[in-house]
Amino acid sequence: MAFKLDSKIPAGELAQKWSNHKAAIKVVSPANKRKLDIIVVGTGLGGASAAASLSELGYNVKIFCIQDSPRRAHSIAAQGGINAAKNYQNDNDSVYRLYYDTIKGGDYRAREANVYRLAEVSNLIIDQCVAQGVPFAREYGGLLANRSFGGAQVSRTFYARGQTGQQLLLGAYAALNKEIATGHVTSYTRHEMLDIVLDDKTGEACGIIARNLVTGEIERHGAHAVVIATGGYGNVFFLSTNAMASNGSAAFQCYRKGAGFANPCFTQIHPTCIPVHGTQQSKLTLMSESLRNDGRIWVPKKLEDVEALRKGTLKPSEIAEEDRDYYLERRYPAFGNLVPRDVASRAAKERCDAGYGVNETGLAVFLDFKTAIAVHGKEVIEKRYGNLFDMYKEITDVNPYDEPMQIFPAVHYTMGGIWVDYNLMTTIPGLYAIGEANFSDHGANRLGASALMQGLADGYFVLPYTIGDYLSKKIQAPKVATDTPAFDAAEKAVKEKIAKLLSINGSRSVDDIHRQLGLIMWDNVGMARTKESLEKAIVEIAALRKEFWKDVKVVGTADSFNVELEKALRLADFLELGELMARDALNREESCGGHFRSEHQTAEGEALRHDVEFAYAAVWEYKGMDEAPELTKEDLTYEFTHRAQRNYKD
Amino acid sequence: MNFTLKIWRQRDAHSKGEFKEYKVTDISSDTSFLEMLDILNNDLVHKGEEPVAFDHDCREGICGMCSLHIDGHAHGPSQAVTTCQIYMRQFKDGATITIEPWRSAAFPVIRDLVVNRNAYDQILQAGGYVSVRTNSVPDGNAIPIPQADAEESMDAAACVGCGACAATCKNGSAMLFVAARVSSLAKLPQGRVEGARRAKAMVAKMDELGFGNCTNTGACQAECPKGISIAHIARLNREFLCAKLKD
Amino acid sequence: MGCFLTNSSLGRKLVMSISGCFLVLFLLFHMAMNVVALISGEAYNMICGFLGANWYALVGTAVLALGVLVHFVYAFILTYQNRKARGNVRYAVTVTEKGVDWASKNMLVLGVIVILGLALHMTHFWSKMMLVELMGEHTNGLGYSPTDGAALIQYTFSQWYNVVLYLVWFAALWLHLNHGVWSMLQTVGWANDTWLPRIKCIAKLVSGVIFLGFAAVVVVFFIKSNCCCC
């Protein structure tokens with residue numbers, strides 16, 4: 001049974017759609033809001049801002065996070081900034097230009113209406129955050145400062161040093177704290193959602209099953225609507241820039257229970273990460289994209305220089321200017337080092353594949369500040385990037401003021417996610433997905449400084465309106481009872497799954513298997529994919545999944561603080577999600593954004609889209625652990641924007 | 001590199017804990033401290049033992065989750081970094097490294113090296129915010145803020161809420177944490193509006209939760225992974241006393 | 001508002017700060033007076049006479065005693081609370097953090113030494129001067145007039161063990177003030193990143209002057225009475 005997808009895109013002119021829609025949807029009166037309960041899972045920018053805003057409106061909100069405090073969510077690690085179409089720099093920015101850059105950056109695989117709405121509310125976000133006391137960078141005149149970012153030719157990125165994500169999250173967290181203090185928000189920290197519960201009769205979302213991570217207790221929580229704000233699933237690759245505990249499990253439970261999962265193969269590989277060293281690494285570190293504002297990316301022109309670098313007989317700073325290949329500036333004169341992330345990552349891979357990688361593994365390129373220091377002086381560069389330079393030195397023991405940084409692409413963000421309509425509701429009534437957890441706004445590639453924008457747009461300015469349209473039908477509904485057969489069944493299934501994992505007592509640790517999954521994913525479903533590699537991945541992942549369920553070793557007990565059990569539960573889902581990603585990538589016989597099928601490229605090696613066949617969102621329906629999922633297509637109709645071949649050359 | 005680790009093991013909040021010794025071998029000098037613990041834990045799992053529980057998440061020094069007391073220092077021997085930003089090259093080969101959880105009455109141990117820092121959340125819930133509703137705000141550039149003020153506010157806002165200050169303080173005082181929030185908002189016109197109320201409420205909550213009295217030793221500042229200055233504590237004192245004198 | 005001085009950690013700190021400030025001012029005055037004894041015994045005795053059993057001196061003494069008492073009692077209350085806040089299980093490994101003064105972590109120990117020194121000092125001087133006057137006597141146990149402070153100084157510091165005890169006392173006081181003076185200013189909120197180093201410098205000056213002033217009197221009188229050539 002395929003999905004009947006209704007994206008609920010309102011009619012009318014692009015710029016009028018959101019206003020028209022807001023006018024058309026229903027609202028809930030203050031007295032009725034007090035009777036309605038909402039569960040928000042995840043407390044990053046999306047979850048925290050949504051929970052705070054919903055509570056301000058009068059709803060009763062329960063929030064769940066796996067860390068010890070909402071403030072730990074991985075939104076906090078975003079460094080560079082947040083985009084908004086304020087045009088404070090007078091460089092001819094506008095809502096339309098931000099919309100256009102975003103939809104073009106996403107390689108025309110996002111909905112026009114969603115992206116336009118995102119650009120439209122971007123300005124409100126800045127106002128909101130300033131009012132909350134977010135200490136954005138300012139000019140001497142006291143007004144807000146901006147910096148430029150990849151994929152844009154205007155300066156529209158607002159920032160707070162290299163800690164913008166942290167400051168925005170602390171703003172949203174403060175708003176949340178304000179509401180917790182009023183008693184309208186109840187906070188459940190160190191709690192992990194293990195299942196979503198659907199009403200037996202109506203099929204609507206009516207609660208969740210959560211595990212108290214301290215005591216191991218399995219809890220039931222009922223609500224009139226559930227919001228998933230649990231971020232992305234990049235950790236399927238084991239090594240990524242995501243936090244260690246970031247996982248795809250909450251989203252995956254929704255998928256398992258019938259929510260469509262859209263474009264799972266759209267993964268962003270970030271170009272500026274610190275290269276992998278050794279085989280025992282657990283986590284990759286991102287260097288902010290803002291470094292590309294002043295840093296120039298290069299590899300040597302001569303292979304003998306590469307050899308000498310690897311042997312350690314030559315220092316990068318000793319290589320003459322004319323022997324350096326600033327390949328981004330060479331290939332993309334108009335955008336240079338500021339091309340979008342997918343383009344920069346692929347270009348780095350192209351050079352490394354050609355044998356020009358500058359470290360022992362051959363998987364690194366240089367990011368050089370020599371020119372910037374010569375032009376602006378060391379102090380200016382230190383002021384702009386001092387903390388990032390220090391961080392780099394701590395990790396690598398190399399001083400980036402003297403020698404260029406080494407960088408290499410790494411998994412960073414997942415554009416794919418739970419399918420949602422214009423109201424951010426999934427295919428399950430009453431179940432919403434916001435932020436990175438949904439698929440809606442970034443198409444096949446996300447521009448820098450847009451993740452923060454989307455999380456806060458959804459949480460502050462979209463969901464609080466659109467959820468009312470659904471909840472207006474619930475004003476007569478009583479409190480959701482949790483002693484129903486639906487809850488019984490969900491709790492039983494969760495407990496059985498935990499008992500099963502603990503009883504296998506095999507020979508392989510969770511991390512061993514996860515590391516192996518990561519290698520399969522990186523080699524076959526990574527920066528460049530082919531039909532063969534994807535078919536291979538599907539077979540290998542299925543085999544690994546079987547091995548996991550037969551041979552994993554999970555120590556400890558169910559009724560205690562048990563990190564191994566938490567990891568095992570998450571890995572069980574990654575082992576299915578990885579296969580789903582490979583299947584989606586196999587289905588999409590084109591290259592677009594972060595999805596690059598080697599069979600589909602232009603003569604110059606750029607991504608080659610096939611708009612006629614693939615201008616759709618691929619929405620997958622779960623059919624069982626070892627069954628192939630079913631595909632439903634949501635056609636992406638472009639009424640207002642011409643889909644061009646992306647061009648960052650001129 | 002090889003190391004001997006003396007690690008605090010404690011089953012749960014109610015059990016008595018003790019130090020246990022472990023050996024880790026063949027560690028690359030580029031390995032981070034937490035990766036070294038990952039390696040130890042993987043070995044323990046293979047042996048069928050329960051791994052050492054420790055808090056960590058972003059591993060980029062920003063989430064504030066990691067919280068180890070290493071050889072007498074919160075976040076280890078390096079200055080101005082979190083535990084996750086320590087690398088094994090900073091230790092001598094063959095060294096014995098003692099790893100303890102935060103010790104403070106307000107941060108009870110949950111398991112091994114994991115403590116409950118909920119008290120910090122509660123302090124912020126008492127007043128660590130600006131009371132504005134979503135969407136009822138003026139334009140971002142409506143109020144110019146001198147760059148120096150914004151920068152000073154940002155200095156304080158860099159706090160990651162890891163708890164190292166209270167864990168280090170011989171008095172178990174949370175003043176640096178409270179001061180960072182109060183001071184950050186006090187430097188901005190948006191935060192000034194309810195500055196007096198905020199300072200009083202947050203200090204009262206801090207006292208209620210059993211944190212100690214600040215005696216200005218400056219140990220918190222020395223161990224703060226973000227190098228937050230105790231000058232912010234002076235500003236909190238000022239804010240609080242002015243507010244009280246007006247009552 | 002009265003209650004925040006006892007209920008609130010910052011209020012209690014304010015009490016420590018204000019009472020401490022008062023004691024520092026007294027010490028500065030006392031030190032200045034002692035230094036006069038170096039120049040002229042007569043002038044010193046004149047001041048002693050002026051501060052004899054007069055109502056203003058008595059009130060001053062009472063207030064002073066109260067200040068010491070408050071500072072002392074609060075110190076114990078704060079220390080008790082702070083130990084409780086630290087929890088039952090202590091760190092197995094402890095270090096002195098970079099840039100942290102030893103004195104700042106040992107204010108109670110230093111304070112107790114100061115109090116013991118004070119007790120000694122009271123038996124040496126106050127009991128033989130103001131107390132004698134209060135009792136209506138005209139000579140003290142040593143046979144001096146209660147207003148002849150100079151003679152009493154001469155007598156006390158001719159004995160080497162008193163000199164050693166007093167110097168230990170002053171050293172403890174010096175360390176206590178080294179931290180106490182800037183801490184007092186920090187507590188009332190007089191610090192920012194610019195002024196923090198400055199008030200630390202002021203604290204070093206004040207504590208140094210107090211130490212040197214007191215110590216000089218003791219040392220000079222010891223040398224005077226034990227060196228035949230003076």
# chains A, B, ... in the order shown; residues from 1 in each chain; ligands from 1

call {"tool": "residues_around", "arguments": {"residues": "Arg103 of chain B", "least_positions_apart": "5", "cutoff": "7 Å", "atoms": "only C-alpha atoms", "output": "PyMOL selection string"}}
result
(chain B and resi 167) or (chain C and resi 86-87+89-91)

call {"tool": "write_last_selection", "arguments": {"atoms": "C-alpha atoms", "output": "PDB file, in the first residue's frame"}}
result
ATOM      1  CA  ALA B 167      33.872  20.585  41.065  1.00  0.00           C
TER       2      ALA B 167
ATOM      3  CA  ARG C  86      32.049  19.790  49.045  1.00  0.00           C
ATOM      4  CA  GLY C  87      30.488  16.423  49.867  1.00  0.00           C
ATOM      5  CA  VAL C  89      33.912  11.852  49.302  1.00  0.00           C
ATOM      6  CA  ARG C  90      37.070  13.839  48.631  1.00  0.00           C
ATOM      7  CA  TYR C  91      39.364  13.798  45.648  1.00  0.00           C
TER       8      TYR C  91
END

call {"tool": "residues_around", "arguments": {"residues": "Gly258 of chain A", "least_positions_apart": "6", "cutoff": "7 Å", "atoms": "only C-alpha atoms", "output": "MDAnalysis selection string"}}
result
chainID A and resid 428 621:622

call {"tool": "write_last_selection", "arguments": {"atoms": "C-alpha atoms", "output": "CSV table (one decimal), in the first residue's frame"}}
result
chain,number,residue,atom,x,y,z
A,428,ILE,CA,1.3,9.6,10.6
A,621,GLU,CA,7.7,2.9,3.5
A,622,TYR,CA,8.9,0.2,5.9

call {"tool": "select_by_dssp", "arguments": {"residues": "segment 109-206 of chain B", "states": "alpha helix (DSSP H)", "output": "VMD selection string"}}
result
chain B and resid 118 to 125 147 to 157 164 to 168 175 to 186 189 to 192 195 to 206

call {"tool": "write_last_selection", "arguments": {"atoms": "N, CA and C atoms", "output": "compact mmCIF listing (two decimals), in the first residue's frame"}}
result
# COMPACT_ATOMS: atom_id res chain seq x y z
N ASN B 118 22.06 18.22 37.30
CA ASN B 118 20.75 18.84 37.15
C ASN B 118 20.64 20.17 37.90
N ALA B 119 21.43 20.30 38.97
CA ALA B 119 21.38 21.54 39.76
C ALA B 119 21.67 22.77 38.90
N TYR B 120 22.56 22.63 37.93
CA TYR B 120 22.88 23.77 37.07
C TYR B 120 21.67 24.18 36.23
N ASP B 121 20.94 23.18 35.74
CA ASP B 121 19.72 23.49 34.99
C ASP B 121 18.74 24.25 35.87
N GLN B 122 18.62 23.76 37.11
CA GLN B 122 17.65 24.39 38.01
C GLN B 122 18.00 25.85 38.30
N ILE B 123 19.29 26.13 38.41
CA ILE B 123 19.70 27.52 38.65
C ILE B 123 19.28 28.40 37.46
N LEU B 124 19.50 27.88 36.26
CA LEU B 124 19.14 28.68 35.08
C LEU B 124 17.63 28.83 34.95
N GLN B 125 16.92 27.79 35.36
CA GLN B 125 15.45 27.88 35.31
C GLN B 125 14.93 28.94 36.27
N GLN B 147 30.42 47.46 20.77
CA GLN B 147 31.11 46.21 20.46
C GLN B 147 31.79 45.61 21.69
N ALA B 148 32.39 46.48 22.50
CA ALA B 148 33.10 45.98 23.68
C ALA B 148 32.13 45.27 24.64
N ASP B 149 30.93 45.81 24.77
CA ASP B 149 29.94 45.18 25.65
C ASP B 149 29.52 43.82 25.11
N ALA B 150 29.26 43.78 23.80
CA ALA B 150 28.87 42.51 23.19
C ALA B 150 29.98 41.48 23.36
N GLU B 151 31.21 41.94 23.21
CA GLU B 151 32.34 41.02 23.35
C GLU B 151 32.45 40.50 24.79
N GLU B 152 32.26 41.40 25.75
CA GLU B 152 32.36 40.97 27.15
C GLU B 152 31.22 40.02 27.49
N SER B 153 30.06 40.31 26.96
CA SER B 153 28.91 39.42 27.15
C SER B 153 29.23 38.05 26.58
N MET B 154 29.85 38.06 25.41
CA MET B 154 30.21 36.80 24.75
C MET B 154 31.26 36.03 25.56
N ASP B 155 32.21 36.77 26.16
CA ASP B 155 33.21 36.10 27.00
C ASP B 155 32.53 35.25 28.07
N ALA B 156 31.51 35.83 28.69
CA ALA B 156 30.81 35.11 29.76
C ALA B 156 29.91 34.03 29.18
N ALA B 157 29.32 34.31 28.02
CA ALA B 157 28.37 33.37 27.42
C ALA B 157 29.06 32.12 26.91
N ALA B 164 32.87 22.19 35.97
CA ALA B 164 34.26 22.15 36.47
C ALA B 164 34.48 23.17 37.58
N CYS B 165 33.78 24.31 37.51
CA CYS B 165 34.00 25.35 38.53
C CYS B 165 33.61 24.85 39.91
N ALA B 166 32.39 24.33 40.02
CA ALA B 166 31.95 23.84 41.33
C ALA B 166 32.73 22.60 41.75
N ALA B 167 33.13 21.81 40.75
CA ALA B 167 33.87 20.59 41.07
C ALA B 167 35.28 20.90 41.56
N THR B 168 35.82 22.01 41.09
CA THR B 168 37.17 22.40 41.48
C THR B 168 37.17 23.15 42.80
N MET B 175 29.59 29.76 41.93
CA MET B 175 29.53 31.18 41.61
C MET B 175 29.97 31.52 40.19
N LEU B 176 31.00 30.85 39.68
CA LEU B 176 31.48 31.21 38.35
C LEU B 176 30.41 30.90 37.31
N PHE B 177 29.74 29.78 37.48
CA PHE B 177 28.66 29.40 36.56
C PHE B 177 27.52 30.42 36.61
N VAL B 178 27.09 30.74 37.82
CA VAL B 178 25.98 31.69 37.97
C VAL B 178 26.41 33.07 37.45
N ALA B 179 27.64 33.44 37.79
CA ALA B 179 28.12 34.76 37.39
C ALA B 179 28.21 34.87 35.87
N ALA B 180 28.62 33.79 35.22
CA ALA B 180 28.77 33.84 33.77
C ALA B 180 27.44 34.19 33.12
N ARG B 181 26.37 33.57 33.58
CA ARG B 181 25.06 33.84 32.98
C ARG B 181 24.57 35.24 33.34
N VAL B 182 24.67 35.58 34.62
CA VAL B 182 24.19 36.89 35.06
C VAL B 182 24.98 38.00 34.36
N SER B 183 26.28 37.83 34.30
CA SER B 183 27.13 38.86 33.73
C SER B 183 26.90 39.00 32.23
N SER B 184 26.75 37.86 31.56
CA SER B 184 26.53 37.91 30.11
C SER B 184 25.29 38.71 29.78
N LEU B 185 24.22 38.46 30.52
CA LEU B 185 22.97 39.18 30.24
C LEU B 185 23.03 40.63 30.77
N ALA B 186 23.78 40.84 31.86
CA ALA B 186 23.85 42.19 32.42
C ALA B 186 24.58 43.15 31.49
N PRO B 189 21.68 45.40 26.83
CA PRO B 189 20.47 46.14 27.21
C PRO B 189 19.24 45.23 27.34
N GLN B 190 19.19 44.17 26.52
CA GLN B 190 18.05 43.25 26.59
C GLN B 190 17.97 42.58 27.95
N GLY B 191 19.15 42.28 28.50
CA GLY B 191 19.19 41.55 29.75
C GLY B 191 19.06 42.45 30.97
N ARG B 192 19.40 43.74 30.78
CA ARG B 192 19.39 44.67 31.92
C ARG B 192 18.00 44.81 32.54
N GLY B 195 17.53 42.53 35.25
CA GLY B 195 18.82 42.16 35.84
C GLY B 195 18.74 41.91 37.34
N ALA B 196 18.07 42.79 38.06
CA ALA B 196 18.02 42.69 39.52
C ALA B 196 17.28 41.41 39.93
N ARG B 197 16.16 41.19 39.28
CA ARG B 197 15.36 40.01 39.59
C ARG B 197 16.15 38.74 39.31
N ARG B 198 16.85 38.76 38.19
CA ARG B 198 17.62 37.57 37.80
C ARG B 198 18.71 37.25 38.82
N ALA B 199 19.48 38.27 39.20
CA ALA B 199 20.59 38.03 40.12
C ALA B 199 20.07 37.45 41.44
N LYS B 200 19.01 38.03 41.95
CA LYS B 200 18.47 37.56 43.24
C LYS B 200 17.95 36.13 43.12
N ALA B 201 17.20 35.86 42.07
CA ALA B 201 16.58 34.54 41.94
C ALA B 201 17.63 33.45 41.75
N MET B 202 18.63 33.75 40.92
CA MET B 202 19.62 32.70 40.64
C MET B 202 20.51 32.43 41.85
N VAL B 203 20.87 33.50 42.58
CA VAL B 203 21.68 33.30 43.78
C VAL B 203 20.89 32.51 44.83
N ALA B 204 19.61 32.86 44.98
CA ALA B 204 18.78 32.16 45.96
C ALA B 204 18.70 30.67 45.62
N LYS B 205 18.54 30.37 44.33
CA LYS B 205 18.44 28.97 43.91
C LYS B 205 19.77 28.25 44.15
N MET B 206 20.85 28.92 43.83
CA MET B 206 22.17 28.34 44.04
C MET B 206 22.36 27.97 45.52

call {"tool": "closest_residue", "arguments": {"among": "A:Gly260, A:Gly222, A:Gly506, A:Gly47", "to": "Glu630 of chain A", "atoms": "only C-alpha atoms"}}
result
A:Gly260

call {"tool": "interface_residues", "arguments": {"of": "chain B", "to": "chain C", "cutoff": "9 Å", "atoms": "only C-alpha atoms", "output": "PyMOL selection string"}}
result
chain B and resi 69-73+79+98+100-108+166-173+203-204+206-207+210-220+222-223+229-241+244-245+247

call {"tool": "residues_around", "arguments": {"residues": "segment 318-325 of chain A", "least_positions_apart": "4", "cutoff": "7 Å", "atoms": "only C-alpha atoms", "output": "ChimeraX atom specification"}}
result
/A:298-302,314

call {"tool": "interface_residues", "arguments": {"of": "chain B", "to": "chain A", "cutoff": "7 Å", "atoms": "only C-alpha atoms", "output": "PyMOL selection string"}}
result
chain B and resi 35+42+45-46+48-50+57-60+62-65+121+124-126+128-130+132-135+137-141+144-147+150+153-154+185+188+190-191

call {"tool": "write_last_selection", "arguments": {"atoms": "N, CA and C atoms", "output": "tab-separated table (two decimals), in the first residue's frame"}}
result
chain	number	residue	atom	x	y	z
B	35	GLU	N	39.20	8.82	23.54
B	35	GLU	CA	39.38	7.66	22.66
B	35	GLU	C	40.16	6.57	23.38
B	42	ASN	N	36.26	-0.95	25.09
B	42	ASN	CA	36.07	-2.02	24.10
B	42	ASN	C	36.75	-3.31	24.59
B	45	VAL	N	34.62	-4.82	27.36
B	45	VAL	CA	33.43	-5.50	26.83
B	45	VAL	C	33.83	-6.88	26.31
B	46	HIS	N	34.95	-6.92	25.59
B	46	HIS	CA	35.39	-8.22	25.07
B	46	HIS	C	35.67	-9.21	26.19
B	48	GLY	N	33.99	-9.27	28.84
B	48	GLY	CA	32.73	-9.51	29.53
B	48	GLY	C	32.54	-8.64	30.76
B	49	GLU	N	33.42	-7.65	30.93
B	49	GLU	CA	33.25	-6.74	32.08
B	49	GLU	C	32.46	-5.52	31.65
B	50	GLU	N	31.85	-4.87	32.62
B	50	GLU	CA	31.09	-3.66	32.27
B	50	GLU	C	32.04	-2.51	32.03
B	57	ASP	N	30.04	13.78	24.67
B	57	ASP	CA	29.15	13.78	23.52
B	57	ASP	C	29.77	14.40	22.28
B	58	CYS	N	29.90	15.72	22.25
B	58	CYS	CA	30.32	16.34	20.99
B	58	CYS	C	31.77	16.07	20.66
B	59	ARG	N	32.60	15.91	21.69
B	59	ARG	CA	34.04	15.71	21.53
B	59	ARG	C	34.70	16.84	20.74
B	60	GLU	N	34.12	18.01	20.87
B	60	GLU	CA	34.73	19.18	20.23
B	60	GLU	C	34.90	20.30	21.25
B	62	ILE	N	32.55	21.71	23.23
B	62	ILE	CA	31.54	22.75	23.27
B	62	ILE	C	30.25	22.31	23.99
B	63	CYS	N	29.97	21.00	24.03
B	63	CYS	CA	28.68	20.60	24.61
B	63	CYS	C	28.70	20.62	26.13
B	64	GLY	N	29.90	20.52	26.72
B	64	GLY	CA	30.00	20.58	28.19
B	64	GLY	C	29.67	19.28	28.88
B	65	MET	N	29.52	18.23	28.11
B	65	MET	CA	29.12	16.95	28.69
B	65	MET	C	30.29	16.28	29.42
B	121	ASP	N	20.94	23.18	35.74
B	121	ASP	CA	19.72	23.49	34.99
B	121	ASP	C	18.74	24.25	35.87
B	124	LEU	N	19.50	27.88	36.26
B	124	LEU	CA	19.14	28.68	35.08
B	124	LEU	C	17.63	28.83	34.95
B	125	GLN	N	16.92	27.79	35.36
B	125	GLN	CA	15.45	27.88	35.31
B	125	GLN	C	14.93	28.94	36.27
B	126	ALA	N	15.75	29.26	37.29
B	126	ALA	CA	15.30	30.26	38.26
B	126	ALA	C	15.34	31.67	37.69
B	128	GLY	N	17.80	32.46	34.50
B	128	GLY	CA	18.86	32.68	33.52
B	128	GLY	C	18.36	32.93	32.11
B	129	TYR	N	17.41	33.82	31.96
B	129	TYR	CA	16.82	34.08	30.64
B	129	TYR	C	16.31	35.51	30.57
B	130	VAL	N	15.97	35.91	29.35
B	130	VAL	CA	15.29	37.18	29.15
B	130	VAL	C	13.84	36.83	28.87
B	132	VAL	N	11.24	37.14	27.06
B	132	VAL	CA	10.55	37.60	25.84
B	132	VAL	C	9.82	36.43	25.22
B	133	ARG	N	8.65	36.72	24.68
B	133	ARG	CA	7.89	35.70	23.99
B	133	ARG	C	8.34	35.62	22.54
B	134	THR	N	8.13	34.46	21.94
B	134	THR	CA	8.43	34.32	20.52
B	134	THR	C	7.62	35.33	19.72
B	135	ASN	N	8.33	36.05	18.85
B	135	ASN	CA	7.71	36.95	17.88
B	135	ASN	C	7.27	38.30	18.44
B	137	VAL	N	9.12	40.87	19.41
B	137	VAL	CA	10.42	41.52	19.61
B	137	VAL	C	10.68	42.58	18.53
B	138	PRO	N	11.53	43.55	18.85
B	138	PRO	CA	11.87	44.56	17.85
B	138	PRO	C	12.93	44.06	16.87
B	139	ASP	N	13.23	44.85	15.86
B	139	ASP	CA	14.24	44.50	14.87
B	139	ASP	C	15.60	44.31	15.55
B	140	GLY	N	16.37	43.37	15.02
B	140	GLY	CA	17.67	43.05	15.60
B	140	GLY	C	18.59	44.25	15.74
B	141	ASN	N	18.48	45.21	14.83
B	141	ASN	CA	19.35	46.38	14.89
B	141	ASN	C	18.70	47.57	15.58
B	144	PRO	N	21.41	49.46	19.24
B	144	PRO	CA	22.85	49.27	19.03
B	144	PRO	C	23.52	48.90	20.36
B	145	ILE	N	24.46	48.02	20.30
B	145	ILE	CA	25.19	47.61	21.51
B	145	ILE	C	26.67	47.82	21.25
B	146	PRO	N	27.35	48.57	22.12
B	146	PRO	CA	28.79	48.80	21.90
B	146	PRO	C	29.51	47.48	21.72
B	147	GLN	N	30.42	47.46	20.77
B	147	GLN	CA	31.11	46.21	20.46
B	147	GLN	C	31.79	45.61	21.69
B	150	ALA	N	29.26	43.78	23.80
B	150	ALA	CA	28.87	42.51	23.19
B	150	ALA	C	29.98	41.48	23.36
B	153	SER	N	30.06	40.31	26.96
B	153	SER	CA	28.91	39.42	27.15
B	153	SER	C	29.23	38.05	26.58
B	154	MET	N	29.85	38.06	25.41
B	154	MET	CA	30.21	36.80	24.75
B	154	MET	C	31.26	36.03	25.56
B	185	LEU	N	24.22	38.46	30.52
B	185	LEU	CA	22.97	39.18	30.24
B	185	LEU	C	23.03	40.63	30.77
B	188	LEU	N	24.18	43.35	28.33
B	188	LEU	CA	23.35	43.67	27.17
B	188	LEU	C	22.10	44.42	27.60
B	190	GLN	N	19.19	44.17	26.52
B	190	GLN	CA	18.05	43.25	26.59
B	190	GLN	C	17.97	42.58	27.95
B	191	GLY	N	19.15	42.28	28.50
B	191	GLY	CA	19.19	41.55	29.75
B	191	GLY	C	19.06	42.45	30.97

call {"tool": "residues_around", "arguments": {"residues": "Asn445 of chain A", "least_positions_apart": "2", "cutoff": "9 Å", "atoms": "only C-alpha atoms", "output": "PyMOL selection string"}}
result
chain A and resi 102-103+105-107+109+266-268+340-342+414-415+442-443+447+592-595

call {"tool": "write_last_selection", "arguments": {"atoms": "C-alpha atoms", "output": "CSV table (one decimal), in the first residue's frame"}}
result
chain,number,residue,atom,x,y,z
A,102,THR,CA,19.2,27.8,-0.9
A,103,ILE,CA,17.2,26.0,-3.5
A,105,GLY,CA,22.5,25.1,-3.3
A,106,GLY,CA,20.1,22.1,-2.7
A,107,ASP,CA,20.4,21.3,-6.4
A,109,ARG,CA,15.6,18.8,-4.9
A,266,PHE,CA,21.1,12.7,0.8
A,267,THR,CA,24.1,13.0,3.0
A,268,GLN,CA,26.3,16.0,3.3
A,340,PRO,CA,29.0,24.9,-1.8
A,341,ARG,CA,30.1,22.1,0.5
A,342,ASP,CA,29.3,19.2,-1.9
A,414,THR,CA,21.8,14.4,6.5
A,415,MET,CA,19.4,16.3,4.3
A,442,HIS,CA,17.7,21.6,1.9
A,443,GLY,CA,17.1,19.3,-1.1
A,447,LEU,CA,24.3,25.5,2.4
A,592,CYS,CA,22.5,15.9,-7.4
A,593,GLY,CA,24.0,17.8,-4.5
A,594,GLY,CA,25.6,15.5,-2.0
A,595,HIS,CA,24.5,12.5,-3.9

call {"tool": "atom_distance", "arguments": {"atom1": "atom CA of Tyr96 of chain A", "atom2": "atom CA of Tyr116 of chain A"}}
result
7.4 Å

call {"tool": "atom_distance", "arguments": {"atom1": "atom CA of Lys22 of chain A", "atom2": "atom CA of Ile467 of chain A"}}
result
11.2 Å
